[in-house]
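run.cif, holding mmCIF, C-alpha atoms:
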```
data_final
loop_
_atom_site.label_atom_id
_atom_site.label_comp_id
_atom_site.auth_asym_id
_atom_site.auth_seq_id
_atom_site.Cartn_x
_atom_site.Cartn_y
_atom_site.Cartn_z
CA LEU A 233 -34.44 2.24 -6.61
CA SER A 234 -37.52 0.35 -7.76
CA HIS A 235 -38.79 -3.09 -6.90
CA ARG A 236 -40.60 -4.79 -9.75
CA ALA A 237 -41.91 -8.36 -10.00
CA GLY A 238 -39.65 -9.58 -7.23
CA ARG A 239 -36.55 -7.99 -8.76
CA GLY A 240 -34.79 -4.66 -8.54
CA ARG A 241 -33.93 -2.00 -11.09
CA ALA A 242 -31.95 1.17 -10.70
CA PHE A 243 -30.92 4.31 -12.57
CA ALA A 244 -27.79 2.59 -13.89
CA ASN A 245 -30.04 0.19 -15.83
CA LEU A 246 -31.69 3.12 -17.59
CA SER A 247 -28.32 4.63 -18.51
CA GLU A 248 -27.48 1.52 -20.53
CA ARG A 249 -30.38 2.00 -22.96
CA PRO A 250 -29.63 3.20 -26.51
CA ASP A 251 -31.99 6.16 -25.99
CA ALA A 252 -30.23 7.24 -22.78
CA VAL A 253 -28.39 10.15 -24.41
CA GLY A 254 -28.37 13.05 -21.98
CA LEU A 255 -29.19 10.87 -18.96
CA LEU A 256 -25.67 10.78 -17.56
CA PRO A 257 -25.45 12.52 -14.17
CA GLU A 258 -23.46 15.71 -13.75
CA ARG A 259 -22.79 15.18 -10.03
CA MET A 260 -21.83 12.17 -7.95
CA VAL A 261 -22.94 12.56 -4.33
CA THR A 262 -20.72 11.34 -1.49
CA HIS A 263 -22.61 11.20 1.81
CA ASP A 264 -22.88 9.26 5.04
CA TRP A 265 -25.88 6.93 4.91
CA ARG A 266 -26.66 7.76 8.54
CA ASN A 267 -27.24 11.40 7.62
CA LEU A 268 -30.84 12.60 7.69
CA PHE A 269 -32.46 12.05 4.30
CA LEU A 270 -33.86 15.59 4.59
CA HIS A 271 -30.32 16.93 4.81
CA LEU A 272 -29.14 14.86 1.87
CA VAL A 273 -31.95 16.23 -0.29
CA ALA A 274 -31.32 19.77 0.97
CA ALA A 275 -27.59 19.49 0.15
CA ILE A 276 -28.39 18.41 -3.40
CA LEU A 277 -30.90 21.22 -3.87
CA ALA A 278 -28.43 23.72 -2.42
CA ASP A 279 -25.74 22.56 -4.84
CA ALA A 280 -28.14 22.85 -7.77
CA LEU A 281 -28.79 26.44 -6.69
CA GLY A 282 -25.07 27.19 -6.48
CA LYS A 283 -24.95 27.32 -2.67
CA ASP A 284 -22.45 25.69 -0.31
CA GLU A 285 -24.73 25.56 2.76
CA TYR A 286 -27.95 23.56 3.02
CA GLY A 287 -29.31 24.38 6.49
CA ALA A 288 -31.65 27.13 5.29
CA ILE A 289 -33.06 24.96 2.51
CA ALA A 290 -33.60 22.06 4.92
CA SER A 291 -35.60 24.37 7.16
CA LYS A 292 -37.59 25.71 4.22
CA LEU A 293 -38.49 22.19 3.08
CA CYS A 294 -40.17 21.61 6.45
CA LEU A 295 -42.47 24.62 6.11
CA GLU A 296 -45.91 24.56 4.55
CA GLY A 297 -45.43 25.65 0.97
CA GLY A 298 -41.66 25.53 1.36
CA PRO A 299 -41.01 22.78 -1.22
CA GLU A 300 -42.94 24.79 -3.82
CA VAL A 301 -40.77 27.83 -3.10
CA VAL A 302 -37.59 25.80 -3.57
CA ARG A 303 -38.95 24.24 -6.78
CA GLN A 304 -39.64 27.73 -8.16
CA GLN A 305 -36.06 28.75 -7.31
CA LEU A 306 -34.77 25.75 -9.23
CA GLU A 307 -36.94 26.59 -12.20
CA ASP A 308 -35.86 30.24 -12.13
CA THR A 309 -32.19 29.20 -12.25
CA GLY A 310 -32.70 26.47 -14.85
CA ALA A 311 -31.45 23.74 -12.49
CA THR A 312 -34.46 21.42 -12.44
CA HIS A 313 -32.93 18.99 -14.94
CA ARG A 314 -29.53 18.58 -13.35
CA ARG A 315 -28.90 14.91 -12.62
CA TYR A 316 -27.22 13.56 -9.48
CA TRP A 317 -25.81 10.08 -8.91
CA ILE A 318 -26.87 8.77 -5.48
CA CYS A 319 -25.73 5.19 -4.97
CA ALA A 320 -28.81 4.24 -2.95
CA PHE A 321 -30.93 4.79 -6.07
CA CYS A 322 -28.50 4.42 -8.96
CA VAL A 323 -27.06 1.03 -7.98
CA ASN A 324 -29.33 -2.00 -7.75
CA GLN A 325 -29.21 -2.60 -4.00
CA HIS A 326 -31.41 -5.68 -4.48
CA LEU A 327 -28.32 -7.44 -5.85
CA GLY A 328 -26.57 -6.98 -2.53
CA ILE A 329 -27.62 -5.58 0.80
CA CYS A 330 -31.43 -5.71 0.77
CA GLY A 331 -31.85 -9.25 2.10
CA GLY A 332 -30.15 -9.01 5.48
CA PHE A 333 -27.60 -7.35 7.71
CA SER A 334 -23.84 -7.60 7.44
CA PRO A 335 -21.96 -9.75 9.99
CA PRO A 336 -21.54 -7.90 13.30
CA PRO A 337 -18.19 -6.27 14.10
CA PRO A 338 -16.54 -7.12 17.43
CA ALA A 339 -18.79 -6.33 20.40
CA GLU A 340 -18.23 -3.21 22.51
CA THR A 341 -16.58 -1.31 19.65
CA PRO A 342 -17.70 1.89 17.90
CA GLU A 343 -18.20 -0.14 14.72
CA PHE A 344 -20.54 -2.53 16.55
CA ARG A 345 -22.59 0.33 17.99
CA ARG A 346 -22.91 1.88 14.54
CA TRP A 347 -23.83 -1.51 13.03
CA GLU A 348 -26.51 -2.03 15.67
CA ALA A 349 -27.92 1.48 15.15
CA ASN A 350 -28.01 0.99 11.37
CA ARG A 351 -30.17 -2.12 11.79
CA ARG A 352 -32.91 -0.22 13.56
CA ASP A 353 -35.46 2.46 12.85
CA SER A 354 -34.07 5.65 14.36
CA VAL A 355 -37.50 6.60 15.78
CA SER A 356 -39.12 3.35 16.91
CA GLY A 357 -35.97 1.32 17.54
CA ASP A 358 -37.50 -1.63 15.67
CA LEU A 359 -35.34 -3.77 13.41
CA HIS A 360 -35.64 -2.86 9.74
CA THR A 361 -37.62 -5.36 7.69
CA CYS A 362 -35.42 -7.19 5.20
CA CYS A 363 -36.43 -7.54 1.57
CA ARG A 364 -37.78 -10.85 0.22
CA CYS A 365 -36.98 -10.27 -3.44
CA ILE A 366 -35.63 -13.10 -5.60
CA GLU A 367 -32.55 -11.27 -6.88
CA PRO A 368 -29.31 -13.23 -6.34
CA LYS A 369 -26.87 -11.50 -4.01
CA PHE A 370 -23.26 -10.70 -4.94
CA PHE A 371 -20.66 -9.22 -2.61
CA LEU A 372 -16.93 -8.50 -2.74
CA ASP A 373 -16.12 -12.21 -2.91
CA ALA A 374 -17.75 -12.16 -6.38
CA PRO A 375 -16.11 -8.98 -7.72
CA ASP A 376 -17.32 -9.27 -11.32
CA GLU A 377 -21.01 -9.60 -10.41
CA CYS A 378 -20.94 -7.28 -7.38
CA GLU A 379 -22.46 -3.83 -8.00
CA MET A 380 -20.99 -2.18 -4.92
CA ASN A 381 -17.33 -2.24 -5.99
CA LYS A 382 -17.65 -0.39 -9.30
CA PHE A 383 -17.78 3.20 -8.02
CA ASP A 384 -14.21 3.98 -9.13
CA ASP A 385 -14.94 2.79 -12.68
CA MET A 386 -18.23 4.69 -12.64
CA MET A 387 -16.53 7.91 -11.52
CA ALA A 388 -13.79 7.54 -14.13
CA LEU A 389 -16.38 6.96 -16.86
CA LEU A 390 -18.57 9.90 -15.87
CA SER A 391 -15.61 12.25 -15.54
CA HIS A 392 -14.77 11.38 -19.16
CA GLU A 393 -18.27 11.25 -20.64
CA ALA A 394 -20.36 13.79 -18.69
CA PRO A 395 -19.68 17.50 -19.26
CA ASP A 396 -18.78 19.42 -16.09
CA PHE A 397 -18.92 16.25 -13.96
CA ARG A 398 -18.14 16.98 -10.30
CA GLN A 399 -18.25 15.26 -6.95
CA LEU A 400 -20.64 16.73 -4.39
CA ILE A 401 -19.59 16.06 -0.80
CA ALA A 402 -22.77 16.39 1.27
CA ILE A 403 -21.35 16.87 4.76
CA ASP A 404 -23.56 15.72 7.61
CA ARG A 405 -23.95 17.86 10.71
CA HIS A 406 -21.52 15.64 12.67
CA PHE A 407 -18.96 15.50 9.83
CA ASP A 408 -19.02 11.70 9.98
CA VAL A 409 -18.78 11.43 6.19
CA PHE A 410 -15.01 11.76 6.57
CA THR A 411 -14.78 8.84 8.99
CA ARG A 412 -16.52 6.20 6.83
CA VAL A 413 -14.22 4.11 4.70
CA TRP A 414 -16.46 3.91 1.62
CA CYS A 415 -16.97 7.67 1.63
CA VAL A 416 -13.20 8.08 1.90
CA ALA A 417 -12.84 5.66 -1.02
CA GLU A 418 -14.93 7.97 -3.19
CA LEU A 419 -12.84 10.95 -2.09
CA VAL A 420 -9.69 9.00 -2.98
CA GLN A 421 -11.00 8.18 -6.45
CA ALA A 422 -11.97 11.81 -7.08
CA HIS A 423 -8.46 12.81 -6.00
CA ARG A 424 -6.82 10.25 -8.30
CA ALA A 425 -9.04 11.11 -11.27
CA GLN A 426 -8.73 14.88 -10.65
CA ILE A 427 -12.49 15.26 -10.47
CA PRO A 428 -13.52 18.73 -9.23
CA GLN A 429 -15.31 18.76 -5.88
CA ASN A 430 -18.17 20.80 -4.46
CA VAL A 431 -18.45 20.82 -0.67
CA CYS A 432 -21.85 21.52 0.92
CA LEU A 433 -22.21 21.94 4.69
CA MET A 434 -25.21 22.43 6.90
CA SER A 435 -23.59 25.66 8.10
CA LYS A 436 -20.13 27.10 7.63
CA LYS A 437 -20.28 28.41 11.20
CA ALA A 438 -18.98 25.01 12.30
CA LEU A 439 -15.66 25.86 10.62
CA ASP A 440 -15.23 29.05 12.62
CA ALA A 441 -12.97 28.38 15.60
CA ASP A 442 -14.33 31.47 17.37
CA THR A 443 -18.08 31.03 16.92
CA GLY A 444 -18.52 27.36 16.01
CA ASP A 445 -18.19 24.09 17.87
CA LEU A 446 -14.55 23.92 18.91
CA GLY A 447 -14.75 20.13 19.09
CA ILE A 448 -15.84 19.93 15.45
CA TYR A 449 -13.13 22.40 14.43
CA ILE A 450 -10.43 20.33 16.14
CA LYS A 451 -11.84 17.12 14.63
CA LEU A 452 -11.56 18.57 11.13
CA ALA A 453 -8.23 20.31 11.67
CA THR A 454 -6.68 17.00 12.76
CA LEU A 455 -8.57 14.88 10.25
CA THR A 456 -6.70 11.98 8.69
CA VAL A 457 -8.08 9.24 6.48
CA ALA A 458 -5.88 6.78 8.35
CA ASP A 459 -8.44 6.95 11.19
CA CYS A 460 -11.48 6.13 9.04
CA SER A 461 -13.57 3.19 10.17
CA ALA A 462 -15.18 0.21 8.46
CA SER A 463 -17.11 -2.87 9.46
CA CYS A 464 -14.50 -4.91 7.60
CA SER A 465 -10.83 -4.12 8.24
CA GLU A 466 -9.89 -5.55 4.83
CA ASP A 467 -11.98 -2.84 3.15
CA LYS A 468 -10.07 -0.12 4.98
CA ASP A 469 -6.68 -1.63 4.20
CA ALA A 470 -7.50 -1.97 0.50
CA ILE A 471 -8.66 1.64 0.21
CA LEU A 472 -5.75 3.14 2.13
CA ARG A 473 -3.32 1.27 -0.13
CA LYS A 474 -4.61 3.38 -3.02
CA ILE A 475 -3.29 6.58 -1.37
CA SER A 476 0.38 7.09 -2.18
CA ASP A 477 0.87 9.94 0.32
CA ILE A 478 -1.63 10.06 3.19
CA PRO A 479 -0.42 13.37 4.73
CA GLU A 480 -0.69 15.06 1.33
CA PHE A 481 -4.17 13.63 0.81
CA ASP A 482 -5.21 14.79 4.28
CA ALA A 483 -3.95 18.30 3.52
CA GLN A 484 -5.90 18.48 0.26
CA LEU A 485 -9.02 17.17 1.98
CA GLN A 486 -8.78 19.82 4.71
CA ALA A 487 -8.23 22.49 2.05
CA ALA A 488 -11.46 21.39 0.34
CA ILE A 489 -13.35 21.57 3.66
CA PHE A 490 -12.06 24.87 4.99
CA GLY A 491 -11.87 26.41 1.54
CA SER A 492 -15.61 25.89 1.13
#
```
Would you encode the structure as structure tokens?
Amino acid sequence: LSHRAGRGRAFANLSERPDAVGLLPERMVTHDWRNLFLHLVAAILADALGKDEYGAIASKLCLEGGPEVVRQQLEDTGATHRRYWICAFCVNQHLGICGGFSPPPPAETPEFRRWEANRRDSVSGDLHTCCRCIEPKFFLDAPDECEMNKFDDMMALLSHEAPDFRQLIAIDRHFDVFTRVWCVAELVQAHRAQIPQNVCLMSKKALDADTGDLGIYIKLATLTVADCSASCSEDKDAILRKISDIPEFDAQLQAAIFGS
């Protein structure tokens, strides 16, 4: 996402140009925005290298000379030009969320604690500085102008236009991606559009009931999208209405996780 002359531009703007042939992404990344950015990058690099775990790559990226080693691996496998859709960069966030924080959820709730944590720097605890750009803001009450409600159309378009288009589910170390309503919405759309999915975990050991974290294993084994959370209850209700059979969807989701 770039900020130019008081306005924002994003990858989606470039894709509209007449000379944008070959710019369409081959992967759409679903991830929890609270995940470490290092882990998001590592999951994408792991997927490009044909791997389904990103922990080793994340560690390598932190070593002196490690990024150069990973880059050489990408070049050796011909994966340096694979394009990934990441909403934080591909959608013009300056048309929506850059200028302030969303209204607070009810106090003393998990949603409120998450909202409060999202407003602050995870190291210093300081409030994030809001953007002062001049872009007009559009949210769900202006559905035609809003850029944050078009992901289902975008996924349907890319699945039709981009060869070998797939969804990459970059699973954070706490598996919170499956509890966030907008992440679930992307999973629902992939399910409805029959888009193939790649699942990338930090480590598959977490899925082993004998050697992994039993709490994580139980969380995933009993996972249901009906328990996903959102700052706005209307968002959750609208997304869940798109699922015709929640138990069947849950079963397919668990198959994707444990089958990875």
Selected by the PyMOL selection byres ((chain A and resi 400-403) around 6) in the shown coordinates: which residues, as a compact mmCIF listing (two decimals) with C-alpha atoms, in the coordinates of the input?
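Result file is result-v5.txt:
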```txt
# COMPACT_ATOMS: atom_id res chain seq x y z
CA MET A 260 -21.83 12.17 -7.95
CA VAL A 261 -22.94 12.56 -4.33
CA THR A 262 -20.72 11.34 -1.49
CA HIS A 263 -22.61 11.20 1.81
CA ALA A 275 -27.59 19.49 0.15
CA GLN A 399 -18.25 15.26 -6.95
CA ASP A 404 -23.56 15.72 7.61
CA PHE A 407 -18.96 15.50 9.83
CA GLN A 429 -15.31 18.76 -5.88
CA ASN A 430 -18.17 20.80 -4.46
CA VAL A 431 -18.45 20.82 -0.67
CA CYS A 432 -21.85 21.52 0.92
CA LEU A 433 -22.21 21.94 4.69
```
Among A:Val273, A:Ala320, A:Val420, A:Ala453, Ser291 of chain A is approached most closely, using all atoms listed in the file, by A:Val273
At a cut-off of 12 Å, can you tabulate as JSON lines every residue of segment 316-352 of chain A near segment 367-388 of chain A together with its closest atom pair and the distance in Å to one decimal, using only C-alpha atoms and ordering rows by chain then number?
```
{"residue": "A:Trp317", "atom": "CA", "partner": "A:Met387", "partner_atom": "CA", "distance": 9.9}
{"residue": "A:Ile318", "atom": "CA", "partner": "A:Phe383", "partner_atom": "CA", "distance": 11.0}
{"residue": "A:Cys319", "atom": "CA", "partner": "A:Phe383", "partner_atom": "CA", "distance": 8.7}
{"residue": "A:Ala320", "atom": "CA", "partner": "A:Met380", "partner_atom": "CA", "distance": 10.3}
{"residue": "A:Cys322", "atom": "CA", "partner": "A:Glu379", "partner_atom": "CA", "distance": 10.3}
{"residue": "A:Val323", "atom": "CA", "partner": "A:Glu379", "partner_atom": "CA", "distance": 6.7}
{"residue": "A:Asn324", "atom": "CA", "partner": "A:Glu379", "partner_atom": "CA", "distance": 7.1}
{"residue": "A:Gln325", "atom": "CA", "partner": "A:Glu379", "partner_atom": "CA", "distance": 7.9}
{"residue": "A:His326", "atom": "CA", "partner": "A:Glu367", "partner_atom": "CA", "distance": 6.2}
{"residue": "A:Leu327", "atom": "CA", "partner": "A:Lys369", "partner_atom": "CA", "distance": 4.7}
{"residue": "A:Gly328", "atom": "CA", "partner": "A:Lys369", "partner_atom": "CA", "distance": 4.8}
{"residue": "A:Ile329", "atom": "CA", "partner": "A:Lys369", "partner_atom": "CA", "distance": 7.7}
{"residue": "A:Cys330", "atom": "CA", "partner": "A:Lys369", "partner_atom": "CA", "distance": 8.8}
{"residue": "A:Gly331", "atom": "CA", "partner": "A:Lys369", "partner_atom": "CA", "distance": 8.2}
{"residue": "A:Gly332", "atom": "CA", "partner": "A:Lys369", "partner_atom": "CA", "distance": 10.3}
{"residue": "A:Ser334", "atom": "CA", "partner": "A:Phe371", "partner_atom": "CA", "distance": 10.7}
```
Restricting to all atoms listed in the file, whichever of A:Lys468, A:His423, A:Lys437, A:Arg412 is closest to Pro342 of chain A is A:Arg412
Check your understanding: What lies within 6 Å of Arg259 of chain A using only C-alpha atoms, ignoring chain neighbours under 6 positions off, as number ranges by chain?
Key -> A: 316, 397-399
Near Ala470 of chain A, within 12 Å and counting only C-alpha atoms, which residues show up once chain neighbours fewer than 2 positions away are dropped, as a ChimeraX atom specification? /A:372,381,413-414,416-417,420,458,462,464-468,472-475
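You will find atom CA of Pro395 of chain A at 22.1 Å from atom CA of Ala242 of chain A.
Of note, atom CA of Ala274 of chain A and atom CA of Ala487 of chain A are spaced 23.3 Å apart.
Picture a line from atom CA of Met434 of chain A to atom CA of Asp308 of chain A; it runs 23.2 Å.
Comparing A:Trp265, A:Asp440, A:Phe321, A:Gln421 by their smallest distance to Ala349 of chain A, the closest is A:Trp265 (using all atoms listed in the file).
If only C-alpha atoms are the atoms counted, then among A:Leu446, A:Leu281, A:Ala422, A:Ala339 the closest residue to Leu389 of chain A is A:Ala422.
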Tell me which protein, DNA and RNA residues are within 10 Å of Leu455 of chain A, counting all atoms listed in the file, leaving out same-chain ones fewer than 3 positions away, and put them as an mmCIF file with C-alpha atoms, keeping the file's coordinate frame.
```cif
data_model
loop_
_atom_site.group_PDB
_atom_site.id
_atom_site.type_symbol
_atom_site.label_atom_id
_atom_site.label_comp_id
_atom_site.auth_asym_id
_atom_site.auth_seq_id
_atom_site.Cartn_x
_atom_site.Cartn_y
_atom_site.Cartn_z
ATOM 1 C CA PHE A 410 -15.010 11.760 6.570
ATOM 2 C CA THR A 411 -14.780 8.840 8.990
ATOM 3 C CA TYR A 449 -13.130 22.400 14.430
ATOM 4 C CA ILE A 450 -10.430 20.330 16.140
ATOM 5 C CA LYS A 451 -11.840 17.120 14.630
ATOM 6 C CA LEU A 452 -11.560 18.570 11.130
ATOM 7 C CA ALA A 458 -5.880 6.780 8.350
ATOM 8 C CA ASP A 459 -8.440 6.950 11.190
ATOM 9 C CA CYS A 460 -11.480 6.130 9.040
ATOM 10 C CA PRO A 479 -0.420 13.370 4.730
ATOM 11 C CA ASP A 482 -5.210 14.790 4.280
ATOM 12 C CA ALA A 483 -3.950 18.300 3.520
ATOM 13 C CA LEU A 485 -9.020 17.170 1.980
ATOM 14 C CA GLN A 486 -8.780 19.820 4.710
#
```
Fewer than 2 positions away in the same chain doesn't count, so skip those; otherwise give me all residues within 7 Å of Cys365 of chain A, counting only C-alpha atoms, as an NGL selection string.
-> :A and (238-239 or 363 or 367)
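Across A:Arg352, A:Arg314, A:Arg424, A:Arg266, the tightest approach to Val409 of chain A is made by A:Arg266 when counting all atoms listed in the file.
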Quick one: which residues end up in the PyMOL selection byres ((chain A and resi 290) around 10) for this structure, as a PDB file with C-alpha atoms, keeping the file's coordinate frame?
```pdb
ATOM      1  CA  LEU A 270     -33.860  15.590   4.590  1.00  0.00           C
ATOM      2  CA  HIS A 271     -30.320  16.930   4.810  1.00  0.00           C
ATOM      3  CA  LEU A 272     -29.140  14.860   1.870  1.00  0.00           C
ATOM      4  CA  VAL A 273     -31.950  16.230  -0.290  1.00  0.00           C
ATOM      5  CA  ALA A 274     -31.320  19.770   0.970  1.00  0.00           C
ATOM      6  CA  ALA A 275     -27.590  19.490   0.150  1.00  0.00           C
ATOM      7  CA  LEU A 277     -30.900  21.220  -3.870  1.00  0.00           C
ATOM      8  CA  ALA A 278     -28.430  23.720  -2.420  1.00  0.00           C
ATOM      9  CA  GLU A 285     -24.730  25.560   2.760  1.00  0.00           C
ATOM     10  CA  TYR A 286     -27.950  23.560   3.020  1.00  0.00           C
ATOM     11  CA  GLY A 287     -29.310  24.380   6.490  1.00  0.00           C
ATOM     12  CA  ALA A 288     -31.650  27.130   5.290  1.00  0.00           C
ATOM     13  CA  ILE A 289     -33.060  24.960   2.510  1.00  0.00           C
ATOM     14  CA  SER A 291     -35.600  24.370   7.160  1.00  0.00           C
ATOM     15  CA  LYS A 292     -37.590  25.710   4.220  1.00  0.00           C
ATOM     16  CA  LEU A 293     -38.490  22.190   3.080  1.00  0.00           C
ATOM     17  CA  CYS A 294     -40.170  21.610   6.450  1.00  0.00           C
ATOM     18  CA  LEU A 295     -42.470  24.620   6.110  1.00  0.00           C
ATOM     19  CA  GLY A 298     -41.660  25.530   1.360  1.00  0.00           C
ATOM     20  CA  PRO A 299     -41.010  22.780  -1.220  1.00  0.00           C
ATOM     21  CA  MET A 434     -25.210  22.430   6.900  1.00  0.00           C
TER      22      MET A 434
END
```
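Residue nearest Pro257 of chain A within the list A:Thr454, A:Thr361, A:Ser391, A:Gln426: A:Ser391 [criterion: smallest interatomic distance, only C-alpha atoms].
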